[in-house]
$ cat entry07.csv   # CSV, C-alpha atoms
chain,number,residue,atom,x,y,z
A,1,MET,CA,-14.8,-13.5,-17.7
A,2,GLN,CA,-14.2,-14.8,-14.2
A,3,ASP,CA,-12.6,-18.2,-15.0
A,4,GLY,CA,-14.3,-19.6,-11.9
A,5,LYS,CA,-12.0,-17.4,-9.7
A,6,GLY,CA,-14.9,-15.7,-8.0
A,7,PRO,CA,-15.9,-12.0,-7.8
A,8,LYS,CA,-13.3,-9.4,-8.9
A,9,GLY,CA,-13.6,-6.0,-7.3
A,10,TYR,CA,-12.9,-3.0,-9.5
A,11,HIS,CA,-10.0,-2.1,-7.2
A,12,ASP,CA,-8.4,-5.5,-7.7
A,13,VAL,CA,-6.3,-4.6,-10.7
A,14,GLY,CA,-3.2,-6.8,-10.4
A,15,GLY,CA,-2.4,-8.2,-13.9
A,16,ASP,CA,-4.9,-5.9,-15.7
A,17,ALA,CA,-3.9,-4.2,-18.9
A,18,ALA,CA,-2.9,-0.6,-18.3
A,19,GLY,CA,-1.0,2.2,-20.0
A,20,GLU,CA,2.2,3.9,-19.2
A,21,ILE,CA,2.9,5.0,-15.6
A,22,LEU,CA,2.6,8.7,-15.1
A,23,MET,CA,5.6,9.6,-13.0
A,24,VAL,CA,4.4,12.8,-11.5
A,25,GLU,CA,5.3,13.9,-8.0
A,26,LEU,CA,2.2,15.4,-6.5
A,27,PRO,CA,2.3,17.6,-3.4
A,28,TRP,CA,0.6,16.3,-0.3
A,29,LEU,CA,-2.1,18.8,0.6
A,30,HIS,CA,-3.3,19.9,4.0
A,31,TRP,CA,-6.8,18.5,3.5
A,32,GLU,CA,-5.3,15.2,2.5
A,33,LYS,CA,-3.2,15.1,5.7
A,34,GLN,CA,-6.3,16.0,7.6
A,35,VAL,CA,-8.2,13.0,6.1
A,36,GLU,CA,-5.5,10.6,7.2
A,37,ALA,CA,-5.1,12.2,10.6
A,38,ILE,CA,-8.8,12.0,11.4
A,39,ARG,CA,-9.1,8.5,10.1
A,40,GLY,CA,-6.1,7.4,12.2
A,41,LEU,CA,-7.6,9.1,15.3
A,42,LEU,CA,-11.0,7.6,14.8
A,43,GLY,CA,-9.4,4.2,14.5
A,44,ASP,CA,-7.1,4.5,17.5
A,45,GLY,CA,-7.3,2.5,20.7
A,46,THR,CA,-9.4,5.0,22.6
A,47,ARG,CA,-12.0,5.3,19.9
A,48,ARG,CA,-12.1,2.3,17.5
A,49,ILE,CA,-14.8,4.0,15.4
A,50,VAL,CA,-13.5,3.5,11.9
A,51,SER,CA,-10.8,1.0,10.9
A,52,LEU,CA,-8.6,1.1,7.8
A,53,ASP,CA,-10.2,-2.2,6.8
A,54,GLU,CA,-13.7,-0.5,6.9
A,55,VAL,CA,-12.4,2.4,4.8
A,56,ARG,CA,-11.1,0.0,2.2
A,57,ARG,CA,-14.4,-1.9,2.2
A,58,GLY,CA,-16.0,1.6,1.7
A,59,PHE,CA,-14.2,2.5,-1.4
A,60,GLU,CA,-14.3,-1.0,-2.7
A,61,SER,CA,-18.1,-0.9,-2.6
A,62,PHE,CA,-19.1,2.7,-3.4
A,63,GLY,CA,-19.2,1.9,-7.1
A,64,VAL,CA,-16.8,1.8,-10.0
A,65,GLU,CA,-17.7,5.2,-11.3
A,66,LYS,CA,-16.7,6.9,-8.1
A,67,TYR,CA,-13.6,4.8,-7.8
A,68,ASN,CA,-12.4,5.7,-11.2
A,69,THR,CA,-13.3,9.4,-11.0
A,70,LEU,CA,-12.2,10.3,-7.5
A,71,SER,CA,-8.6,11.1,-6.6
A,72,PHE,CA,-7.0,8.8,-4.0
A,73,TYR,CA,-7.6,11.0,-0.9
A,74,LYS,CA,-11.0,11.9,-2.1
A,75,ARG,CA,-11.8,8.2,-2.1
A,76,ARG,CA,-10.6,7.9,1.4
A,77,LEU,CA,-12.6,10.9,2.5
A,78,GLU,CA,-15.8,9.7,0.8
A,79,ALA,CA,-15.4,6.2,2.2
A,80,MET,CA,-14.8,7.5,5.7
A,81,THR,CA,-17.8,9.8,5.5
A,82,ASP,CA,-20.0,7.0,4.2
A,83,ILE,CA,-19.0,4.7,7.1
A,84,LEU,CA,-19.6,7.4,9.8
A,85,ILE,CA,-23.0,8.0,8.4
A,86,GLU,CA,-23.7,4.3,8.0
A,87,LYS,CA,-22.9,3.8,11.7
A,88,GLY,CA,-24.9,6.8,12.8
A,89,ILE,CA,-21.9,8.6,14.2
A,90,VAL,CA,-22.8,11.7,12.1
A,91,SER,CA,-25.9,12.3,10.1
A,92,ARG,CA,-25.9,13.4,6.4
A,93,THR,CA,-28.0,16.4,7.5
A,94,GLU,CA,-25.6,17.8,10.1
A,95,LEU,CA,-22.7,17.2,7.8
A,96,ASP,CA,-24.3,19.0,4.9
A,97,ARG,CA,-25.3,21.8,7.3
A,98,ALA,CA,-21.6,22.2,8.4
A,99,ILE,CA,-20.5,22.1,4.8
A,100,GLU,CA,-22.9,24.8,3.7
A,101,ALA,CA,-21.7,26.9,6.7
A,102,GLY,CA,-18.1,26.3,5.6
A,103,LYS,CA,-18.7,27.5,2.1
A,104,VAL,CA,-19.6,30.9,3.4
A,105,ARG,CA,-15.9,31.3,4.4
A,106,TRP,CA,-14.8,30.9,0.7
A,107,PRO,CA,-16.4,33.9,-1.0
A,108,ASP,CA,-14.9,33.4,-4.4
A,109,LEU,CA,-16.1,29.8,-4.6
A,110,ASP,CA,-18.5,30.4,-7.6
A,111,GLU,CA,-15.7,32.1,-9.6
A,112,LYS,CA,-13.4,29.1,-9.2
A,113,SER,CA,-15.8,26.2,-10.0
B,1,MET,CA,-14.2,19.0,-10.1
B,2,PRO,CA,-11.5,16.4,-10.7
B,3,HIS,CA,-10.1,16.0,-14.2
B,4,ASP,CA,-8.3,13.3,-16.0
B,5,HIS,CA,-4.6,14.1,-16.6
B,6,GLN,CA,-3.6,12.2,-19.7
B,7,HIS,CA,-0.6,12.4,-21.9
B,8,GLY,CA,-1.0,10.3,-24.9
B,9,GLU,CA,-0.5,6.7,-23.8
B,10,HIS,CA,-0.3,7.4,-20.1
B,11,GLU,CA,-2.8,5.7,-17.9
B,12,ALA,CA,-5.1,8.4,-16.5
B,13,LEU,CA,-4.3,9.7,-13.0
B,14,ILE,CA,-7.0,11.5,-11.2
B,15,ILE,CA,-5.7,14.8,-9.9
B,16,GLU,CA,-7.9,17.4,-8.2
B,17,ASP,CA,-8.0,20.9,-9.6
B,18,GLU,CA,-8.2,24.0,-7.5
B,19,ALA,CA,-12.0,23.8,-7.1
B,20,GLY,CA,-11.8,20.2,-6.2
B,21,ASN,CA,-9.2,20.8,-3.5
B,22,ILE,CA,-11.2,23.7,-2.0
B,23,GLU,CA,-14.3,21.5,-2.0
B,24,ALA,CA,-12.4,18.7,-0.2
B,25,GLN,CA,-11.0,21.2,2.3
B,26,ILE,CA,-14.5,22.4,3.1
B,27,ILE,CA,-15.8,18.9,3.5
B,28,ILE,CA,-13.0,17.7,5.8
B,29,ASP,CA,-13.2,20.9,7.9
B,30,ALA,CA,-17.0,20.4,8.2
B,31,LEU,CA,-16.5,16.8,9.2
B,32,GLN,CA,-13.9,17.7,11.7
B,33,GLN,CA,-16.1,20.3,13.2
B,34,VAL,CA,-19.0,17.9,13.6
B,35,LEU,CA,-16.8,15.3,15.2
B,36,ILE,CA,-15.3,17.9,17.6
B,37,GLY,CA,-18.9,19.0,18.4
B,38,LYS,CA,-19.6,15.4,19.5
B,39,GLY,CA,-16.5,15.2,21.6
B,40,LEU,CA,-14.9,12.6,19.4
B,41,LEU,CA,-11.9,14.7,18.5
B,42,THR,CA,-10.1,17.8,19.5
B,43,ALA,CA,-8.5,20.2,17.1
B,44,HIS,CA,-5.2,19.8,19.1
B,45,GLU,CA,-5.3,16.1,18.5
B,46,VAL,CA,-5.7,16.6,14.7
B,47,THR,CA,-2.9,19.1,14.6
B,48,ALA,CA,-0.6,16.7,16.5
B,49,ALA,CA,-1.6,13.7,14.3
B,50,ILE,CA,-0.8,15.7,11.2
B,51,ALA,CA,2.6,16.6,12.5
B,52,LYS,CA,3.2,12.9,13.2
B,53,LEU,CA,2.2,12.0,9.6
B,54,GLU,CA,4.5,14.6,8.2
B,55,SER,CA,7.6,13.6,10.1
B,56,PRO,CA,8.7,10.3,8.5
B,57,GLY,CA,10.3,10.3,5.1
B,58,LEU,CA,13.2,9.3,2.9
B,59,HIS,CA,15.7,10.4,5.6
B,60,LEU,CA,14.5,7.6,7.9
B,61,GLY,CA,14.8,5.0,5.2
B,62,ALA,CA,18.3,6.3,4.2
B,63,LYS,CA,19.3,6.1,7.9
B,64,ILE,CA,18.3,2.5,8.1
B,65,VAL,CA,20.1,1.5,4.9
B,66,ALA,CA,23.3,3.3,5.6
B,67,LYS,CA,23.5,1.7,9.1
B,68,ALA,CA,22.9,-1.7,7.5
B,69,TRP,CA,25.7,-1.1,5.0
B,70,THR,CA,28.2,-0.2,7.7
B,71,ASP,CA,27.2,-2.6,10.5
B,72,PRO,CA,26.9,-6.3,9.6
B,73,ALA,CA,25.3,-7.3,12.9
B,74,TYR,CA,22.7,-4.6,12.4
B,75,LYS,CA,22.0,-5.7,8.9
B,76,SER,CA,21.6,-9.3,10.1
B,77,ARG,CA,19.0,-8.3,12.7
B,78,LEU,CA,17.3,-6.0,10.2
B,79,LEU,CA,16.8,-8.9,7.8
B,80,SER,CA,15.4,-11.1,10.5
B,81,ASP,CA,13.2,-8.7,12.3
B,82,GLY,CA,12.8,-5.4,10.5
B,83,ARG,CA,10.4,-3.7,12.8
B,84,ALA,CA,12.4,-4.3,16.0
B,85,THR,CA,15.7,-3.4,14.4
B,86,ILE,CA,14.3,-0.2,12.9
B,87,GLN,CA,13.0,0.8,16.3
B,88,GLU,CA,16.5,0.6,17.6
B,89,LEU,CA,17.1,3.8,15.7
B,90,ASP,CA,14.3,5.5,17.6
B,91,ILE,CA,12.0,5.3,14.5
B,92,PRO,CA,8.5,4.6,15.8
B,93,VAL,CA,7.1,1.9,13.5
B,94,THR,CA,3.4,1.5,13.5
B,95,GLU,CA,3.0,-1.4,11.0
B,96,ALA,CA,2.6,-4.9,12.3
B,97,ARG,CA,5.9,-6.1,10.7
B,98,ILE,CA,8.5,-4.7,8.4
B,99,ILE,CA,10.1,-7.1,6.0
B,100,VAL,CA,13.4,-5.9,4.6
B,101,VAL,CA,14.4,-7.6,1.4
B,102,GLU,CA,18.0,-7.5,0.3
B,103,ASN,CA,19.2,-6.9,-3.3
B,104,THR,CA,22.3,-8.7,-4.4
B,105,ALA,CA,24.3,-9.0,-7.5
B,106,GLN,CA,22.0,-11.8,-8.6
B,107,LEU,CA,18.7,-10.6,-7.2
B,108,HIS,CA,16.5,-7.5,-7.4
B,109,ASN,CA,13.4,-6.8,-5.4
B,110,LEU,CA,10.3,-4.7,-6.3
B,111,ILE,CA,7.5,-3.7,-3.9
B,112,THR,CA,3.9,-3.1,-4.9
B,113,CYS,CA,0.3,-3.2,-3.5
B,114,THR,CA,-2.1,-4.2,-6.2
B,115,LEU,CA,-5.2,-3.9,-4.1
B,116,CYS,CA,-4.7,-0.4,-2.7
B,117,SER,CA,-1.6,1.5,-1.5
B,118,CYS,CA,0.1,-0.4,1.3
B,119,TYR,CA,3.5,1.2,2.0
B,120,PRO,CA,5.7,1.6,5.1
B,121,ARG,CA,4.2,5.0,5.9
B,122,SER,CA,5.5,5.3,9.4
B,123,ILE,CA,9.1,5.1,8.0
B,124,LEU,CA,8.9,6.6,4.5
B,125,GLY,CA,5.8,8.8,4.7
B,126,GLN,CA,3.3,8.9,1.9
B,127,PRO,CA,3.8,6.8,-1.2
B,128,PRO,CA,4.4,8.6,-4.5
B,129,SER,CA,1.4,9.1,-6.7
B,130,TRP,CA,2.6,6.6,-9.3
B,131,TYR,CA,2.8,3.9,-6.7
B,132,ILE,CA,-0.9,4.3,-6.0
B,133,SER,CA,-1.8,4.6,-9.7
B,134,LYS,CA,-3.7,1.9,-11.5
B,135,ALA,CA,-0.9,1.6,-14.1
B,136,TYR,CA,1.7,0.7,-11.5
B,137,ARG,CA,-0.5,-1.6,-9.5
B,138,ALA,CA,-1.8,-3.5,-12.5
B,139,ARG,CA,1.6,-3.9,-14.3
B,140,SER,CA,4.1,-4.2,-11.5
B,141,VAL,CA,3.0,-7.9,-10.9
B,142,ARG,CA,2.4,-8.9,-14.5
B,143,GLU,CA,5.3,-7.1,-16.4
B,144,PRO,CA,7.7,-5.8,-13.8
B,145,ARG,CA,10.7,-5.7,-16.1
B,146,GLN,CA,8.8,-3.4,-18.5
B,147,VAL,CA,7.8,-1.3,-15.5
B,148,LEU,CA,11.4,-1.1,-14.4
B,149,ALA,CA,12.5,-0.1,-17.9
B,150,GLU,CA,10.0,2.8,-17.8
B,151,PHE,CA,11.8,3.9,-14.7
B,152,GLY,CA,15.1,3.7,-16.6
B,153,LEU,CA,16.2,0.4,-15.0
B,154,ASP,CA,17.0,-2.3,-17.6
B,155,LEU,CA,17.5,-5.3,-15.5
B,156,MET,CA,19.7,-8.0,-17.0
B,157,GLN,CA,18.0,-11.2,-17.7
B,158,ASP,CA,20.2,-13.3,-15.5
B,159,ILE,CA,19.3,-11.2,-12.4
B,160,LYS,CA,16.4,-12.7,-10.6
B,161,LEU,CA,13.5,-10.3,-10.1
B,162,VAL,CA,11.2,-10.9,-7.1
B,163,VAL,CA,8.0,-8.8,-6.8
B,164,HIS,CA,6.4,-8.5,-3.4
B,165,ASP,CA,2.7,-7.7,-3.4
B,166,SER,CA,1.7,-6.3,0.1
B,167,THR,CA,-1.7,-7.7,0.4
B,168,ALA,CA,-2.0,-8.0,4.2
B,169,ASP,CA,-0.2,-6.9,7.4
B,170,MET,CA,3.4,-6.9,6.2
B,171,ARG,CA,5.1,-3.8,4.8
B,172,TYR,CA,8.3,-3.9,2.8
B,173,LEU,CA,11.6,-2.0,2.4
B,174,VAL,CA,14.2,-2.9,-0.2
B,175,LEU,CA,17.8,-2.9,1.1
B,176,PRO,CA,19.8,-1.9,-2.0
B,177,GLU,CA,23.3,-3.1,-2.7
B,178,PRO,CA,25.9,-0.8,-1.2
B,179,PRO,CA,28.3,1.0,-3.5
B,180,HIS,CA,31.3,-1.2,-4.2
B,181,ASP,CA,33.6,1.3,-2.3
B,182,VAL,CA,31.2,1.7,0.6
B,183,GLU,CA,34.0,1.8,3.2
B,184,ARG,CA,35.3,5.1,1.7
B,185,TYR,CA,32.2,7.1,2.7
B,186,MET,CA,31.0,8.5,5.9
B,187,ILE,CA,27.5,7.4,7.0
B,188,SER,CA,26.1,10.9,6.3
B,189,GLU,CA,27.4,10.7,2.7
B,190,LEU,CA,26.0,7.2,2.2
B,191,GLN,CA,22.6,8.5,3.4
B,192,THR,CA,22.5,11.2,0.6
B,193,MET,CA,23.1,8.5,-2.0
B,194,ILE,CA,20.0,6.6,-1.2
B,195,SER,CA,16.7,7.6,-2.9
B,196,ARG,CA,13.1,6.6,-2.2
B,197,ASP,CA,13.0,4.8,-5.5
B,198,HIS,CA,15.8,2.5,-4.3
B,199,LEU,CA,13.7,1.6,-1.3
B,200,ILE,CA,10.7,0.7,-3.4
B,201,GLY,CA,12.8,-1.1,-6.0
B,202,VAL,CA,12.4,1.0,-9.1
B,203,ALA,CA,16.0,2.0,-8.9
B,204,ARG,CA,19.0,-0.3,-8.4
B,205,GLY,CA,22.6,1.0,-8.4
B,206,VAL,CA,23.8,3.3,-5.7
B,207,GLY,CA,26.9,5.3,-6.1
C,1,MET,CA,1.7,-25.3,15.5
C,2,THR,CA,0.7,-23.7,12.2
C,3,ARG,CA,-1.0,-25.6,9.4
C,4,PHE,CA,1.8,-24.8,6.9
C,5,SER,CA,5.5,-24.3,7.1
C,6,ALA,CA,8.1,-22.8,4.9
C,7,GLY,CA,8.7,-25.1,1.9
C,8,ASP,CA,5.1,-26.4,1.8
C,9,HIS,CA,3.4,-26.5,-1.6
C,10,VAL,CA,0.0,-24.9,-1.5
C,11,GLN,CA,-2.8,-23.8,-3.8
C,12,VAL,CA,-4.8,-20.6,-3.5
C,13,LEU,CA,-8.5,-21.2,-3.3
C,14,ALA,CA,-11.2,-19.2,-5.0
C,15,LEU,CA,-13.6,-18.9,-2.1
C,16,GLY,CA,-16.2,-17.0,-4.0
C,17,LYS,CA,-16.6,-14.5,-1.2
C,18,GLU,CA,-18.3,-11.2,-1.9
C,19,GLY,CA,-17.1,-8.0,-0.1
C,20,HIS,CA,-13.7,-7.1,1.2
C,21,VAL,CA,-11.1,-9.8,0.7
C,22,ARG,CA,-7.3,-9.5,0.5
C,23,THR,CA,-6.7,-12.3,-2.0
C,24,PRO,CA,-6.3,-10.8,-5.4
C,25,HIS,CA,-8.1,-12.3,-8.4
C,26,TYR,CA,-4.9,-13.0,-10.3
C,27,ILE,CA,-3.5,-15.4,-7.7
C,28,ARG,CA,-6.5,-17.6,-7.2
C,29,HIS,CA,-6.1,-21.3,-8.2
C,30,GLN,CA,-2.4,-20.8,-8.5
C,31,THR,CA,0.1,-23.2,-6.9
C,32,GLY,CA,3.2,-22.0,-5.1
C,33,ARG,CA,5.5,-22.6,-2.1
C,34,VAL,CA,5.2,-21.1,1.4
C,35,THR,CA,8.3,-19.0,2.2
C,36,GLU,CA,7.3,-18.0,5.7
C,37,TYR,CA,4.7,-17.9,8.4
C,38,CYS,CA,4.1,-14.2,9.1
C,39,GLY,CA,2.0,-14.3,12.3
C,40,THR,CA,-1.6,-14.5,13.3
C,41,TYR,CA,-3.9,-11.6,12.7
C,42,LEU,CA,-7.5,-10.6,12.9
C,43,ASN,CA,-9.2,-11.4,9.6
C,44,PRO,CA,-9.6,-8.3,7.4
C,45,GLU,CA,-12.8,-9.8,6.0
C,46,ASP,CA,-14.3,-9.5,9.5
C,47,LEU,CA,-12.7,-6.1,10.3
C,48,ALA,CA,-14.1,-4.6,7.2
C,49,VAL,CA,-17.6,-5.0,8.6
C,50,GLY,CA,-16.6,-3.9,12.0
C,51,ASN,CA,-16.4,-7.3,13.6
C,52,THR,CA,-13.3,-7.4,15.9
C,53,SER,CA,-14.3,-10.6,17.7
C,54,GLY,CA,-13.8,-13.1,14.9
C,55,ARG,CA,-11.1,-15.8,14.9
C,56,ALA,CA,-7.6,-14.7,14.2
C,57,VAL,CA,-6.0,-16.2,11.1
C,58,GLU,CA,-2.5,-17.3,10.2
C,59,LEU,CA,-0.9,-15.3,7.5
C,60,TYR,CA,1.8,-16.8,5.1
C,61,ARG,CA,4.0,-15.4,2.4
C,62,VAL,CA,3.8,-17.7,-0.7
C,63,ALA,CA,6.1,-17.6,-3.7
C,64,PHE,CA,5.0,-18.2,-7.2
C,65,LEU,CA,6.8,-18.5,-10.5
C,66,GLN,CA,6.0,-15.5,-12.7
C,67,ARG,CA,6.2,-17.7,-15.8
C,68,GLN,CA,3.4,-19.7,-14.4
C,69,LEU,CA,1.3,-16.7,-13.4
C,70,TRP,CA,1.6,-15.0,-16.7
C,71,PRO,CA,2.2,-17.7,-19.4
C,72,ASP,CA,1.9,-15.1,-22.2
C,73,GLY,CA,4.8,-12.9,-21.1
C,74,ALA,CA,8.4,-13.6,-22.0
C,75,ILE,CA,9.5,-14.0,-18.4
C,76,PRO,CA,12.8,-15.4,-17.2
C,77,ALA,CA,12.3,-18.8,-15.6
C,78,GLN,CA,13.7,-17.7,-12.2
C,79,ASP,CA,11.5,-14.6,-11.7
C,80,THR,CA,9.1,-14.9,-8.8
C,81,LEU,CA,6.3,-13.1,-7.0
C,82,ILE,CA,5.8,-13.4,-3.2
C,83,ILE,CA,2.4,-12.4,-1.8
C,84,GLU,CA,0.7,-12.6,1.6
C,85,ILE,CA,-2.2,-15.0,1.8
C,86,TYR,CA,-4.4,-15.9,4.8
C,87,ASP,CA,-4.6,-19.6,5.9
C,88,HIS,CA,-8.3,-20.1,4.9
C,89,TRP,CA,-7.5,-19.3,1.3
C,90,LEU,CA,-4.9,-22.0,1.1
C,91,ARG,CA,-4.9,-25.8,0.7
C,92,SER,CA,-2.1,-28.2,0.6
C,93,VAL,CA,-1.1,-29.8,-2.7
C,94,LYS,CA,1.4,-32.4,-3.8
C,95,GLU,CA,4.8,-31.1,-4.7
C,96,THR,CA,4.7,-29.6,-8.2
C,97,GLU,CA,7.6,-29.9,-10.6
C,98,ASN,CA,8.1,-26.3,-11.3
C,99,ALA,CA,7.8,-24.8,-7.8
C,100,PRO,CA,10.0,-21.8,-7.0
$ encode --input "entry07.csv" --output "structure tokens"
Amino acid sequence: MQDGKGPKGYHDVGGDAAGEILMVELPWLHWEKQVEAIRGLLGDGTRRIVSLDEVRRGFESFGVEKYNTLSFYKRRLEAMTDILIEKGIVSRTELDRAIEAGKVRWPDLDEKS
Amino acid sequence: MPHDHQHGEHEALIIEDEAGNIEAQIIIDALQQVLIGKGLLTAHEVTAAIAKLESPGLHLGAKIVAKAWTDPAYKSRLLSDGRATIQELDIPVTEARIIVVENTAQLHNLITCTLCSCYPRSILGQPPSWYISKAYRARSVREPRQVLAEFGLDLMQDIKLVVHDSTADMRYLVLPEPPHDVERYMISELQTMISRDHLIGVARGVG
Amino acid sequence: MTRFSAGDHVQVLALGKEGHVRTPHYIRHQTGRVTEYCGTYLNPEDLAVGNTSGRAVELYRVAFLQRQLWPDGAIPAQDTLIIEIYDHWLRSVKETENAP
């Protein structure tokens, strides 16, 4: 029920019921730093290609399923990728091609998934 | 594949498993390669940007607080213009403004970002996972005293609790109360007494 | 000259906007008191769709009584919440009895 307060995004959780806080300290992994670094560079004064506001709009609109099942940095990565494709900076095809080429460098991939 | 990490009543926190992390590494490497191929990035820039992201941390927050505790003029400037005063210590602040909120014997401050994960990253580095979790973001505004109790802080009823929701361009740092015998310590000792949890507001007493 | 100053009593509007907004659901329709003017910034609602040429908007910090926001909780009367709200989400209201 909205109580006439307008749309409520699935990310807009202030005041929602929720369980206990899991106080785990997770390490900050290299790929996660890379996501942040690249986002920051693409948004800097020389490029202005993707802003933090656009990334937020990205994960706020890619659907509640994705939002609830992707980890924090995965959401950022997904949102950033979506926007780059949306803007025609990269194409889905060339990205997929690069991903496939990258998988070749991880020979044990099938065993791990 | 990510999996839910649930312990009884804990709100689920999505944590990538090994395959998920490898997959993400492959994707970001691929994206980086494509962007480099288009002349939008260089590998050197990415490496340098990562180093910059890694350098801030608790030690910078502790430096600011210990200075404020031992230099009243500095503290006064800090409370009036956080960003400029922090930059006096050669800490490069990238956020638009830093608001430093002071704890007193009668007042306690708690910081949150209900909409996402806003945090003073250029000073403290990345926020802890719990700060970004749905459970913290949802409950920190509605039942902050219960949240503090979960962190082991039972705030007395007569202490006013102020919760700050970082919804826009401001970022926040809590200035905890100094230990009652602050003049006995060297600045370096004071710095070791300050934890990241003090600066967010889920811990209160120092020393 | 900003529209609001510290001490002003304001109400948060429910603008009914779709898309990226930075005014959380829980604070809409609530009345509080401006604590400070934070500066004037580009509107994130514009920036989120790549528009950097929109009008800049004044940003304020506004304080609310927790007891008013969450009437079902057993919350001490003096506890408050302070949140950043953009000018176009605010309107002036008459002084309320229970303002923080």
$ interface_residues --input "entry07.csv" --of "chain A" --to "chain B" --cutoff "9 Å" --atoms "only C-alpha atoms" --output "PyMOL selection string"
chain A and resi 11-26+28-38+40-42+47+56+68-72+74+77+81+89-90+94-103+106+109+112-113
$ residues_around --input "entry07.csv" --residues "region 15-31 of chain C" --least-positions-apart "6" --cutoff "6 Å" --atoms "only C-alpha atoms" --output "PyMOL selection string"
(chain A and resi 6+8+57) or (chain B and resi 167) or (chain C and resi 45)
$ interface_residues --input "entry07.csv" --of "chain A" --to "chain C" --cutoff "12 Å" --atoms "all atoms listed in the file" --output "PDB file with C-alpha atoms, in the frame of the given file"
ATOM      1  CA  MET A   1     -14.800 -13.500 -17.700  1.00  0.00           C
ATOM      2  CA  GLN A   2     -14.200 -14.800 -14.200  1.00  0.00           C
ATOM      3  CA  ASP A   3     -12.600 -18.200 -15.000  1.00  0.00           C
ATOM      4  CA  GLY A   4     -14.300 -19.600 -11.900  1.00  0.00           C
ATOM      5  CA  LYS A   5     -12.000 -17.400  -9.700  1.00  0.00           C
ATOM      6  CA  GLY A   6     -14.900 -15.700  -8.000  1.00  0.00           C
ATOM      7  CA  PRO A   7     -15.900 -12.000  -7.800  1.00  0.00           C
ATOM      8  CA  LYS A   8     -13.300  -9.400  -8.900  1.00  0.00           C
ATOM      9  CA  GLY A   9     -13.600  -6.000  -7.300  1.00  0.00           C
ATOM     10  CA  TYR A  10     -12.900  -3.000  -9.500  1.00  0.00           C
ATOM     11  CA  HIS A  11     -10.000  -2.100  -7.200  1.00  0.00           C
ATOM     12  CA  ASP A  12      -8.400  -5.500  -7.700  1.00  0.00           C
ATOM     13  CA  VAL A  13      -6.300  -4.600 -10.700  1.00  0.00           C
ATOM     14  CA  GLY A  14      -3.200  -6.800 -10.400  1.00  0.00           C
ATOM     15  CA  GLY A  15      -2.400  -8.200 -13.900  1.00  0.00           C
ATOM     16  CA  ASP A  16      -4.900  -5.900 -15.700  1.00  0.00           C
ATOM     17  CA  GLY A  43      -9.400   4.200  14.500  1.00  0.00           C
ATOM     18  CA  ARG A  48     -12.100   2.300  17.500  1.00  0.00           C
ATOM     19  CA  ILE A  49     -14.800   4.000  15.400  1.00  0.00           C
ATOM     20  CA  VAL A  50     -13.500   3.500  11.900  1.00  0.00           C
ATOM     21  CA  SER A  51     -10.800   1.000  10.900  1.00  0.00           C
ATOM     22  CA  LEU A  52      -8.600   1.100   7.800  1.00  0.00           C
ATOM     23  CA  ASP A  53     -10.200  -2.200   6.800  1.00  0.00           C
ATOM     24  CA  GLU A  54     -13.700  -0.500   6.900  1.00  0.00           C
ATOM     25  CA  VAL A  55     -12.400   2.400   4.800  1.00  0.00           C
ATOM     26  CA  ARG A  56     -11.100   0.000   2.200  1.00  0.00           C
ATOM     27  CA  ARG A  57     -14.400  -1.900   2.200  1.00  0.00           C
ATOM     28  CA  GLY A  58     -16.000   1.600   1.700  1.00  0.00           C
ATOM     29  CA  PHE A  59     -14.200   2.500  -1.400  1.00  0.00           C
ATOM     30  CA  GLU A  60     -14.300  -1.000  -2.700  1.00  0.00           C
ATOM     31  CA  SER A  61     -18.100  -0.900  -2.600  1.00  0.00           C
ATOM     32  CA  PHE A  62     -19.100   2.700  -3.400  1.00  0.00           C
ATOM     33  CA  ALA A  79     -15.400   6.200   2.200  1.00  0.00           C
ATOM     34  CA  ILE A  83     -19.000   4.700   7.100  1.00  0.00           C
ATOM     35  CA  LEU A  84     -19.600   7.400   9.800  1.00  0.00           C
ATOM     36  CA  GLU A  86     -23.700   4.300   8.000  1.00  0.00           C
ATOM     37  CA  LYS A  87     -22.900   3.800  11.700  1.00  0.00           C
TER      38      LYS A  87
END
$ atom_distance --input "entry07.csv" --atom1 "CA of Glu84 (chain C)" --atom2 "CA of Arg3 (chain C)"
15.3 Å
$ interface_residues --input "entry07.csv" --of "chain B" --to "chain C" --cutoff "7 Å" --atoms "all atoms listed in the file" --output "PyMOL selection string"
chain B and resi 142+157+160-168
